[in-house]
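Engineer: I'd like to ask you about the structure that follows.
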Amino acid sequence: MYKLTDNQEFMIEDFQNAKPFSSFLPGIAGKNGIPLWAFYVNRGQAMASFGIRNKDYAITEFFPADKSYQYVPTHGFRTFIKFKDDKEAVSVIEPFSIIRDNDTVKETLTVGTNHLQIDYENKKRGIALTVEYFTLPHSPIAALVREVTLTNIGKRDLDLEIIDGLPTIFPSGIAHSPYKELGNTLKSWFDVETINDQYNFYFLRGSTEDNVNVSKILRGNFFASLSVLNEKEETIKPIFDRSLVFGNDLSLQYPLAFYEKNLNQIKLKHQVATNKVSGGFAPLTVNLEPGEHLRMVSLIGSGEDRDSITRFLKQNFTYRKIKEFKNVAKTITDNFTNAVETKTANPLFNGYVKQSYLDNGLRGGFPITFKYGNKRKIFYLYSRKHGDLERDYNFFSINPTYYSQGNGNYRDINQNRRLDVVFNPEIGDYNIKHFVNLIQLDGYNPLLIKDVQFTTNDKTVNFFRYGINEADVDKFKDFFHHPFSPGDLYRFVIEHSIQLSVPFEEFLTEILMLSDEKLNAEHGEGFWIDHWTYNLDLIESYLSIYPDKEGELFFETRYRFFDSPAYVNPKETKYVLKDGKVHQFFAVQIDNEKQKRQYETNEQWVREQYGKGEIYETNLFSKLVLLAVIKTATIAPYGLGIEMEAGKPGWNDALNGLPGLFGSSTSELYELKRLILQLKSVNKLSNGSVVLPIETQELIEGLAKAIQNSKRHTEEEEITFWKELTKIRDSYRSLLRSGISGNNLEISLEAAFDLIRILENQVDYAIEKVERYKKQNLVPTYFYFDIQCKDDNQNEITKIKPHAVTPFLEGVVKKMKSTNSFEEAEKIYNSIRQSEIFDKKLEMYKTSMSMAEEPIELGRIRFFTPGWLENESVFLHMEYKYLLELLKKGLTEQFFKDIQTCLVPFMDPANYGRSIIENSSFIASSANPDSSIHGNGFVARLSGSTVEFLHMWKIMFIGDKPFDYNPENEQLKFCLQPTLPKWLFKSLCQNAVSPEAVGSQTIKDRGFIPL
């Protein structure tokens, strides 16, 4: 039923009877192409919904996965074939209908990286049908290509009438949510025109918003078709009125009108385009001799206006051009995935490596480097927020522009870029600076990462050097008055027909060298406690490639602070009484005046002179020291983790109620220890110092003094100490509300290391308290606290009682990460195998033990079915984090045993329920009451699991630290340290990694000759 083809595409036979799943085409159109998003399911003719930008620009209506499984067979692509025999008897069949025409029918689905194919064979009728989907590459028009090949596999001629197409095509710009609520009313704006008998143009007659700003809409969607038979190519005049196909069957199940009338009669009927949802169908009458192939190609997309679509189709809509587009589309991702070309004895593993690399880049982006002399600029293509049919809660966005980029969340992009410096050493410390710059003076960061733009002073550009005439120079000067992206500049050059004397990429490169990068970010909602930790991974990866640049990294590059309009409220505001207990609500507030001011000025960095001076900058070491101070000041009562004091938990969003219960997490405590060790490891001979705003002095000195003078022998003393830290923290944040003066607090390296030792003592004390808590076998990941107050005054706290939440895998992973002892790591491993976290049926690792006895106030996790989502399922990225630590700690025997049941390519696809070269977000565990889904993967592809696996791949095939640097003699050494089992080799002399893979490229970029 499932198999991998020779070209590493995954095939599923009888796919409509397999477990339902959803996935997507990658939406990559090349730097000079406009991307289109497209989701599919294994039902009907597969394609579920597609469009440009986001759900508000769907070409076919976006439905979540559960509804797509139901609707795709009727609302998706359809093919109706009418047969005539010698006696003029007529019968109509629909390939891929859920109701089989007869028992000779066979159906298969084949999934490629940027190509989808379904095949239908009906021996009794003597036909075979192949349908292929791909998105247009390197094109100024975003479109989905559907190629249908009908073959006569019988022994007699076939007289056929065919209708092929889509029952629903929206006009451009129908917003997702309004249509769900007001669809019947919004149809009043809908219209369709057939242009030159060549294509249908679907448009809104005007703006739909109920306001005074009324406008005409030029943009529209389109449907065009052509046929090829015996090398003769013809344009098919399409149908848009779906009643000509379905008659009065509004359920769209049966083509009643096609049953009753022949195509000539149907094509003569008047079509109605108004006050209704229209479709797009290609009607064709054909005679097929045995062995003959009929091809029908449809192009469904979106364009700026009628003229741009007409021009494009005139120049490009031929079968020869479509074949060229297809060949490019099938290989367009190879430029990225060649970096991890892997050749082992297991083809599924090899395919999984490439797919993981592709999907990792789709969430984190793929870097390109623009170089001019010794200057460089880094730009990321194709990233997007992980929204899809199963993640219907996320509003994804893929910019329909050249050099396309998308939106994302801080944690997601940061996590998936962890290894980019390994695969692309040219990017250097770009990502460290990119994300650490967004750390605020209060230690938090914005959630939303938007597109990157550039600003240029046109006076620095010598336009005549590029052959630009005077009239066009004035246009460029107007253009450069506003921030722009590379795609904006490319579109500007094309739309104004500007002739350059050099290739555009050379022009773009030189413009970017004269430009400043403008990173766009927004607060979003709340402050997650784990986001800062992913920066430590970026630093670790950078130093694994550039260990000789430690001093330059920490002391020579300038870093900023993000200036957020959001701030954490003091305890007087966020502590509230509920049911006789103190809770922590209303933790974060927005300064509306500041937000408005920043929106108007487009300003987002902390400036001296209380916002009126220059952007404040310091070095990386200083920012990290301040971060360590703030996080140490946020340690929970009794040292039991880091407080969730800003309204959000860590990665486990389903614990949304935990911050309200004064929740804390030990994961971030272990990461704080890791940060301190990183700071301690910096070469003390470095010529640098800690430079911070003078406003941090009270926090730093107050915290150090509180730690040194603390007495915590009794519960009362512990509470007193925690209250003091809270007071210091709140006072510091209050000081920041009015901005900074620009005056500096300068601390020598010697004094800084003394401060770091003080912080380490506090962190070590806290870790000891966590690990000794009630002598639990597995270290707790989360705590919550019952807090009592005096005389119903929530600010007069008298007693604090901690409760450990049932053990989670996350905390165990962080503890293992912090140990340098093989014996301790092995002990942790054995404890996990003996615990309920280990799913004995699946031989996988769940997120946690049972949550059944935990309070419902912890969050929605308590209402999820066990074995589903964050409640006791196998969350792939967390399980992979655990496997990665096994490998890092030298537990290789255990690692290679576990991956044979835990890694996706080694799973049974019948249980996994989808392609086993693609990741899913979580796997239903045996804790789920529905045994039929045990081992089934859900939520497609884009998650942190990709980078966790790629990190395993790096260690397996290259080693964790391929470069070693001795600062005493300034000697840099390269040494491969692969860790591979013999069962991955075909023979003893086999190369496991191709010459194009990361090892060789990294060595070349570092100036070494590959062995």
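Lettering and numbering for the structure tokens are positional, with chains as A, B, ... in the shown order, residues counted from 1 in each chain, and ligands counted from 1 in the shown order.
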Show me, as a PDB file with N, CA, C and O atoms, in the first residue's frame, the residues that have an atom within 12 Å of Ser215 (chain A) when counting only C-alpha atoms, minus same-chain residues fewer than 6 positions from it.

Structural biologist:
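Okay, around_1.pdb is ready:
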ATOM      1  N   LEU A 204     -14.214  40.966  -7.893  1.00  0.00           N
ATOM      2  CA  LEU A 204     -15.197  41.728  -7.123  1.00  0.00           C
ATOM      3  C   LEU A 204     -15.429  43.045  -7.860  1.00  0.00           C
ATOM      4  O   LEU A 204     -14.472  43.696  -8.298  1.00  0.00           O
ATOM      5  N   ARG A 205     -16.691  43.474  -7.938  1.00  0.00           N
ATOM      6  CA  ARG A 205     -16.965  44.713  -8.646  1.00  0.00           C
ATOM      7  C   ARG A 205     -16.513  45.950  -7.865  1.00  0.00           C
ATOM      8  O   ARG A 205     -16.388  47.031  -8.440  1.00  0.00           O
ATOM      9  N   GLY A 206     -16.290  45.783  -6.572  1.00  0.00           N
ATOM     10  CA  GLY A 206     -15.825  46.905  -5.768  1.00  0.00           C
ATOM     11  C   GLY A 206     -15.495  46.443  -4.368  1.00  0.00           C
ATOM     12  O   GLY A 206     -15.654  45.269  -4.016  1.00  0.00           O
ATOM     13  N   SER A 207     -15.038  47.375  -3.548  1.00  0.00           N
ATOM     14  CA  SER A 207     -14.672  47.052  -2.169  1.00  0.00           C
ATOM     15  C   SER A 207     -15.902  46.633  -1.380  1.00  0.00           C
ATOM     16  O   SER A 207     -17.005  47.143  -1.603  1.00  0.00           O
ATOM     17  N   THR A 208     -15.709  45.709  -0.446  1.00  0.00           N
ATOM     18  CA  THR A 208     -16.833  45.133   0.308  1.00  0.00           C
ATOM     19  C   THR A 208     -16.982  45.713   1.704  1.00  0.00           C
ATOM     20  O   THR A 208     -17.965  45.423   2.388  1.00  0.00           O
ATOM     21  N   GLU A 209     -16.025  46.523   2.159  1.00  0.00           N
ATOM     22  CA  GLU A 209     -16.073  47.044   3.523  1.00  0.00           C
ATOM     23  C   GLU A 209     -17.167  48.108   3.641  1.00  0.00           C
ATOM     24  O   GLU A 209     -17.436  48.871   2.706  1.00  0.00           O
TER      25      GLU A 209
END

Engineer: Mind listing the strand (DSSP E) residues of region 340-375 of chain A, per DSSP on the backbone, as JSON, numbers by chain?

Structural biologist: {"A": [366, 367, 368, 369, 370, 371, 372, 375]}

Engineer: Which of these, A:Thr666, A:Ser251, A:Ser689, A:Asn196, has the shortest distance to Phe621 (chain A) once you count only C-alpha atoms?

Structural biologist: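 Closest to Phe621 (chain A) of all the choices is A:Ser689.
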
Engineer: Would you give me, as a tab-separated table, each residue of region 93-203 of chain A having an atom within 9 Å of an atom of region 285-302 of chain A, along with its shortest atom pair and that distance in Å to one decimal, using only C-alpha atoms and sorting by chain and residue number?

Structural biologist:
residue	atom	partner	partner_atom	distance
A:Gly126	CA	A:Pro290	CA	8.8
A:Ile141	CA	A:Ser302	CA	6.6
A:Ala142	CA	A:Gly301	CA	5.5
A:Ala143	CA	A:Gly301	CA	3.8
A:Leu144	CA	A:Ile300	CA	5.3
A:Val145	CA	A:Leu299	CA	4.9
A:Arg146	CA	A:Ser298	CA	5.2
A:Glu147	CA	A:Val297	CA	4.4
A:Val148	CA	A:Met296	CA	5.1
A:Thr149	CA	A:Arg295	CA	4.5
A:Leu150	CA	A:Leu294	CA	5.1
A:Thr151	CA	A:His293	CA	4.5
A:Asn152	CA	A:Pro290	CA	5.1
A:Ile153	CA	A:Gly291	CA	5.8
A:Gly154	CA	A:Pro290	CA	5.8
A:Lys155	CA	A:Pro290	CA	5.5
A:Arg156	CA	A:Pro290	CA	5.8
A:Asp157	CA	A:Glu289	CA	4.5
A:Leu158	CA	A:Leu288	CA	5.1
A:Asp159	CA	A:Asn287	CA	4.6
A:Leu160	CA	A:Val286	CA	5.4
A:Glu161	CA	A:Thr285	CA	4.5
A:Ile162	CA	A:Thr285	CA	6.3
A:Ile163	CA	A:Thr285	CA	8.9
A:Asp164	CA	A:Met296	CA	8.4
A:Gly165	CA	A:Ser298	CA	7.9
A:Ile169	CA	A:Ile300	CA	8.8
A:Ser172	CA	A:Ser302	CA	7.2

Engineer: Counting only C-alpha atoms, which of A:Leu620, A:Val493, A:Ile427, A:Leu419 gets nearest to Thr557 (chain A)?

Structural biologist: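 Closest candidate: A:Leu620.
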
Engineer: Counting only C-alpha atoms, which residue out of A:Ala128, A:Met47, A:Leu441, A:Ile630 sits closest to His115 (chain A)?

Structural biologist: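 Of A:Ala128, A:Met47, A:Leu441, A:Ile630, the one nearest His115 (chain A), counting only C-alpha atoms, is A:Met47.
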
Engineer: Need the shell around Leu883 (chain A): protein/DNA/RNA residues with any atom at most 10 Å away, counting only C-alpha atoms. Skip same-chain ones fewer than 6 positions apart. Format as a count of residues only?

Structural biologist: 15

Engineer: Calculate how many Å separate CA of Ser177 (chain A) from CA of Tyr57 (chain A), rounding to one decimal.

Structural biologist: 11.4 Å

Engineer: Which distance in Å separates CA of Gly387 (chain A) and CA of Phe96 (chain A), to one decimal?

Structural biologist: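 Spanning CA of Gly387 (chain A) to CA of Phe96 (chain A) is a straight-line distance of 27.6 Å.
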
Engineer: What's the 8 Å shell around Lys801 (chain A), counting only C-alpha atoms, without same-chain residues fewer than 6 positions away, as a list in words?

Structural biologist: Phe785, Asp786 and Ile787 of chain A

Engineer: What does the distance between CA of Val904 (chain A) and CA of Ser920 (chain A) come to in Å, to one decimal place?

Structural biologist: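 Computing it gives 8.7 Å between the two atoms.
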
Engineer: Compare A:Arg384, A:Lys19, A:Lys846, A:Lys790 by their minimum atom-to-atom distance to Gly937 (chain A), counting only C-alpha atoms, and give me the closest one.

Structural biologist: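 Of A:Arg384, A:Lys19, A:Lys846, A:Lys790, the one nearest Gly937 (chain A) is A:Lys19, counting only C-alpha atoms.
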
Engineer: Which of these, A:Asn795, A:Gln900, A:Asn409, A:Asn619, has the shortest distance to Asn437 (chain A) once you count only C-alpha atoms?

Structural biologist: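 Selected residue with least distance to Asn437 (chain A): A:Asn619.
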
Engineer: With a distance cut-off of 10 Å and only C-alpha atoms, select the neighbouring residues of Ala273 (chain A), excluding the residue or stretch itself and same-chain residues fewer than 2 positions from it, and output the selection as a ChimeraX atom specification.

Structural biologist: /A:190-193,202,240-242,270-271,275-279

Engineer: Set the distance at 9 Å and use only C-alpha atoms: which residues neighbour region 633-644 of chain A once local chain neighbours fewer than 6 positions away are removed? I'd like the list as a VMD selection string.

Structural biologist: chain A and resid 527 to 529 650 658 to 660 662 to 670 699 703 712 715 718 to 719 721 to 723 725 to 726 728 to 729 762 to 763 765 to 770 773 781 to 783 785 800 802
